[in-house]
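run-v1.pdb (PDB, C-alpha atoms)
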```pdb
ATOM      1  CA  MET V   1      -1.012 -13.081 -18.023
ATOM      2  CA  GLY V   2      -3.463 -12.273 -15.230
ATOM      3  CA  ARG V   3      -3.268 -12.769 -11.530
ATOM      4  CA  MET V   4      -6.133 -15.300 -11.550
ATOM      5  CA  ASN V   5      -8.544 -12.785 -10.012
ATOM      6  CA  ASP V   6      -6.796 -12.816  -6.637
ATOM      7  CA  PRO V   7      -9.541 -11.746  -4.197
ATOM      8  CA  GLU V   8      -6.957  -9.810  -2.163
ATOM      9  CA  LEU V   9      -5.900  -7.734  -5.182
ATOM     10  CA  PRO V  10      -8.014  -4.689  -6.129
ATOM     11  CA  ALA V  11      -9.110  -4.689  -9.783
ATOM     12  CA  TYR V  12      -7.055  -1.598 -10.672
ATOM     13  CA  ALA V  13      -3.948  -3.104  -9.083
ATOM     14  CA  GLU V  14      -4.470  -6.295 -11.063
ATOM     15  CA  ARG V  15      -4.656  -4.305 -14.312
ATOM     16  CA  VAL V  16      -1.496  -2.329 -13.453
ATOM     17  CA  LEU V  17       0.415  -5.518 -12.674
ATOM     18  CA  ASP V  18      -0.845  -7.168 -15.867
ATOM     19  CA  VAL V  19       0.592  -4.253 -17.894
ATOM     20  CA  THR V  20       3.842  -4.526 -15.949
ATOM     21  CA  ASP V  21       4.048  -8.217 -16.873
ATOM     22  CA  THR V  22       3.854  -7.353 -20.587
ATOM     23  CA  ILE V  23       6.854  -4.984 -20.596
ATOM     24  CA  PRO V  24       9.670  -6.844 -22.373
ATOM     25  CA  PRO V  25      12.999  -7.451 -20.620
ATOM     26  CA  GLY V  26      15.359  -4.550 -21.189
ATOM     27  CA  ARG V  27      12.497  -2.079 -21.656
ATOM     28  CA  VAL V  28      10.605   0.233 -19.294
ATOM     29  CA  MET V  29       7.391   2.234 -19.022
ATOM     30  CA  THR V  30       6.883   5.225 -16.766
ATOM     31  CA  TYR V  31       4.205   5.312 -14.089
ATOM     32  CA  GLY V  32       2.318   7.759 -16.307
ATOM     33  CA  ASP V  33       2.722   5.518 -19.366
ATOM     34  CA  VAL V  34       1.069   2.636 -17.497
ATOM     35  CA  ALA V  35      -1.837   4.850 -16.404
ATOM     36  CA  GLU V  36      -2.242   6.172 -19.948
ATOM     37  CA  TRP V  37      -2.115   2.628 -21.364
ATOM     38  CA  LEU V  38      -4.930   1.639 -18.990
ATOM     39  CA  GLY V  39      -6.893   4.811 -19.636
ATOM     40  CA  GLU V  40      -7.429   5.356 -15.925
ATOM     41  CA  GLY V  41      -5.622   6.644 -12.879
ATOM     42  CA  GLY V  42      -2.390   8.546 -13.046
ATOM     43  CA  PRO V  43       1.289   8.224 -12.136
ATOM     44  CA  ARG V  44       0.615   8.443  -8.388
ATOM     45  CA  GLN V  45      -2.009   5.698  -8.485
ATOM     46  CA  VAL V  46       0.305   3.428 -10.485
ATOM     47  CA  GLY V  47       3.150   4.200  -8.077
ATOM     48  CA  ARG V  48       0.936   3.304  -5.131
ATOM     49  CA  VAL V  49      -0.006  -0.022  -6.735
ATOM     50  CA  MET V  50       3.645  -0.796  -7.408
ATOM     51  CA  ALA V  51       4.613   0.088  -3.829
ATOM     52  CA  LEU V  52       1.887  -2.101  -2.314
ATOM     53  CA  TYR V  53       1.665  -5.008  -4.758
ATOM     54  CA  GLY V  54       4.584  -4.768  -7.202
ATOM     55  CA  GLY V  55       6.825  -7.321  -5.520
ATOM     56  CA  SER V  56       5.271 -10.146  -7.550
ATOM     57  CA  ALA V  57       5.815  -8.322 -10.863
ATOM     58  CA  PRO V  58       8.913  -7.039 -12.697
ATOM     59  CA  TRP V  59       8.703  -3.791 -10.692
ATOM     60  CA  TRP V  60      12.015  -2.485 -12.044
ATOM     61  CA  ARG V  61      10.393  -2.043 -15.487
ATOM     62  CA  VAL V  62       8.006   0.687 -14.227
ATOM     63  CA  VAL V  63      10.051   3.802 -13.606
ATOM     64  CA  ARG V  64      10.130   7.539 -13.052
ATOM     65  CA  ALA V  65       9.979   9.619 -16.230
ATOM     66  CA  ASP V  66      13.451  11.051 -15.536
ATOM     67  CA  GLY V  67      15.060   7.589 -15.469
ATOM     68  CA  VAL V  68      16.274   7.906 -11.878
ATOM     69  CA  LEU V  69      16.345   4.509 -10.175
ATOM     70  CA  LEU V  70      13.871   3.771  -7.382
ATOM     71  CA  PRO V  71      15.340   5.235  -4.171
ATOM     72  CA  GLY V  72      16.321   2.537  -1.712
ATOM     73  CA  HIS V  73      16.225  -0.151  -4.412
ATOM     74  CA  GLU V  74      18.916   1.139  -6.774
ATOM     75  CA  GLN V  75      21.284  -1.807  -6.489
ATOM     76  CA  ARG V  76      18.545  -4.441  -6.878
ATOM     77  CA  ALA V  77      17.110  -2.588  -9.877
ATOM     78  CA  LEU V  78      20.553  -2.070 -11.397
ATOM     79  CA  ALA V  79      21.240  -5.818 -11.215
ATOM     80  CA  HIS V  80      18.002  -6.464 -13.135
ATOM     81  CA  TYR V  81      18.808  -3.773 -15.724
ATOM     82  CA  ARG V  82      22.290  -5.128 -16.334
ATOM     83  CA  ARG V  83      21.031  -8.705 -16.622
ATOM     84  CA  GLU V  84      18.298  -7.656 -19.093
ATOM     85  CA  GLY V  85      20.473  -5.246 -21.080
ATOM     86  CA  THR V  86      18.341  -2.191 -20.275
ATOM     87  CA  PRO V  87      19.984   0.920 -21.798
ATOM     88  CA  LEU V  88      21.576   3.030 -19.060
ATOM     89  CA  ARG V  89      23.205   6.437 -18.961
ATOM     90  CA  GLY V  90      26.359   6.747 -16.913
ATOM     91  CA  ALA V  91      26.166   8.814 -13.760
ATOM     92  CA  SER V  92      28.113  12.027 -13.522
ATOM     93  CA  ALA V  93      30.923  12.198 -10.993
ATOM     94  CA  ALA V  94      28.717  14.565  -8.966
ATOM     95  CA  ALA V  95      25.827  12.082  -8.771
ATOM     96  CA  ALA V  96      25.293  10.570  -5.342
ATOM     97  CA  GLY V  97      26.818   7.101  -5.360
ATOM     98  CA  HIS V  98      27.534   7.438  -9.087
ATOM     99  CA  ILE V  99      24.396   5.428  -9.852
ATOM    100  CA  PRO V 100      23.422   5.477 -13.532
ATOM    101  CA  ARG V 101      19.978   6.392 -14.832
ATOM    102  CA  ILE V 102      17.873   4.579 -17.360
ATOM    103  CA  ASP V 103      18.367   5.930 -20.870
ATOM    104  CA  MET V 104      14.704   6.728 -21.400
ATOM    105  CA  ALA V 105      15.073   7.556 -25.107
ATOM    106  CA  LEU V 106      16.318   4.013 -25.740
ATOM    107  CA  ALA V 107      14.632   1.964 -23.015
ATOM    108  CA  ARG V 108      11.087   3.349 -23.034
ATOM    109  CA  TRP V 109       8.545   0.904 -24.456
ATOM    110  CA  ASP V 110       5.471   2.125 -26.298
ATOM    111  CA  GLY V 111       3.416  -1.023 -25.735
ATOM    112  CA  SER V 112       3.658  -2.262 -29.304
ATOM    113  CA  ALA V 113       3.970  -5.953 -30.053
ATOM    114  CA  ASP V 114       7.108  -5.331 -32.120
ATOM    115  CA  GLY V 115       8.835  -3.707 -29.140
ATOM    116  CA  GLY V 116       8.826  -0.264 -30.783
ATOM    117  CA  ARG V 117      10.678   2.508 -29.061
ATOM    118  CA  THR V 118       8.958   5.757 -28.196
ATOM    119  CA  GLU V 119      12.069   7.913 -28.566
ATOM    120  CA  GLY V 120      11.057   9.780 -25.442
ATOM    121  CA  ALA V 121       7.507  10.527 -26.574
ATOM    122  CA  HIS V 122       4.470   9.790 -24.458
ATOM    123  CA  ILE V 123       2.267   6.935 -25.526
TER     124      ILE V 123
END
```
In structure tokens, what does this structure look like?
Amino acid sequence: MGRMNDPELPAYAERVLDVTDTIPPGRVMTYGDVAEWLGEGGPRQVGRVMALYGGSAPWWRVVRADGVLLPGHEQRALAHYRREGTPLRGASAAAAGHIPRIDMALARWDGSADGGRTEGAHI
């Protein structure tokens, strides 16, 4: 994939976005999964990259480990998830705005070429 070595993009950010580009439609990785896949950084560093540079990548495929949608971007993300068929869990009646969560056991991608599911396990 690559970002053609954009001089404005730090090397770590480029690697994070390259991983993001490989996540298949309808699947997700957590911030921690991406960091673990790269073997460097952590969830906060990946989150920072996504906040600063993620607009050019499928940002909705990198998520919180609890499956809660990105605050302030729930409706945009939800439209992507529905279009891609990402597994969702219905929101309880008590949930603010009744916004569903991602069904992490079904949607989480382990990085395998065959699209294997992690069944909630870390990579």
Checklist entry - Between V:Leu52, V:Val19, V:Leu88, V:Leu70, which one has atoms that come closest to Ala105 of chain V, using all atoms listed in the file? => result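 With all atoms listed in the file as the atom set, the closest residue is V:Leu88.
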Give the padded box for segment 24-37 of chain V as AutoDock Vina command-line options: axis-aligned, covering all atoms listed in the file, 3 Å on each side, centre and edge lengths in Å to one decimal.
```
--center_x 6.6 --center_y 0.2 --center_z -18.2 --size_x 23.6 --size_y 21.2 --size_z 14.3
```
Checklist entry - When you draw a straight line from atom CA of Asp21 of chain V to atom CA of Tyr53 of chain V, how long is it in Å? => result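 According to the coordinates, atom CA of Asp21 of chain V and atom CA of Tyr53 of chain V are separated by 12.8 Å.
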Item to check | Matched chain/residue IDs from the PyMOL selection byres ((chain V and resi 103) around 6), as number ranges by chain | outcome: V: 87-89, 102, 104-107
Next on the checklist: What's the separation between atom CA of Tyr81 of chain V and atom CA of Pro24 of chain V, in Å to one decimal place?
Outcome noted: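 Straight-line distance from atom CA of Tyr81 of chain V to atom CA of Pro24 of chain V works out to 11.7 Å.
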Checklist entry - Just so the selection is clear, what residues does the PyMOL selection byres ((chain V and resi 50) around 10) cover here, as a PyMOL selection string? => result chain V and resi 13+16-17+20+31+44-49+51-60+62
Checklist entry - Which residue, V:Pro25, V:Gly41, V:Gly32, V:Gly111, has the smallest gap to Val63 of chain V when you use only C-alpha atoms? => result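 Closest candidate: V:Gly32.
Here, the PyMOL selection byres ((chain V and resi 27) around 8) matches Ile23, Pro24, Pro25, Gly26, Val28, Met29, Arg61, Thr86, Ala107, Arg108 and Trp109 of chain V.
Our summary of the geometry notes that atom CA of Leu78 of chain V is positioned 19.8 Å from atom CA of Thr22 of chain V.
Closest approach to Leu38 of chain V among V:Asp66, V:Glu84, V:Glu8, V:Glu14 is made by V:Glu14 (distances from all atoms listed in the file).
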Checklist entry - Which of these residues is nearest to Asp110 of chain V, using all atoms listed in the file: V:Trp37, V:Arg82, V:Arg64, V:Gly72? => result V:Trp37
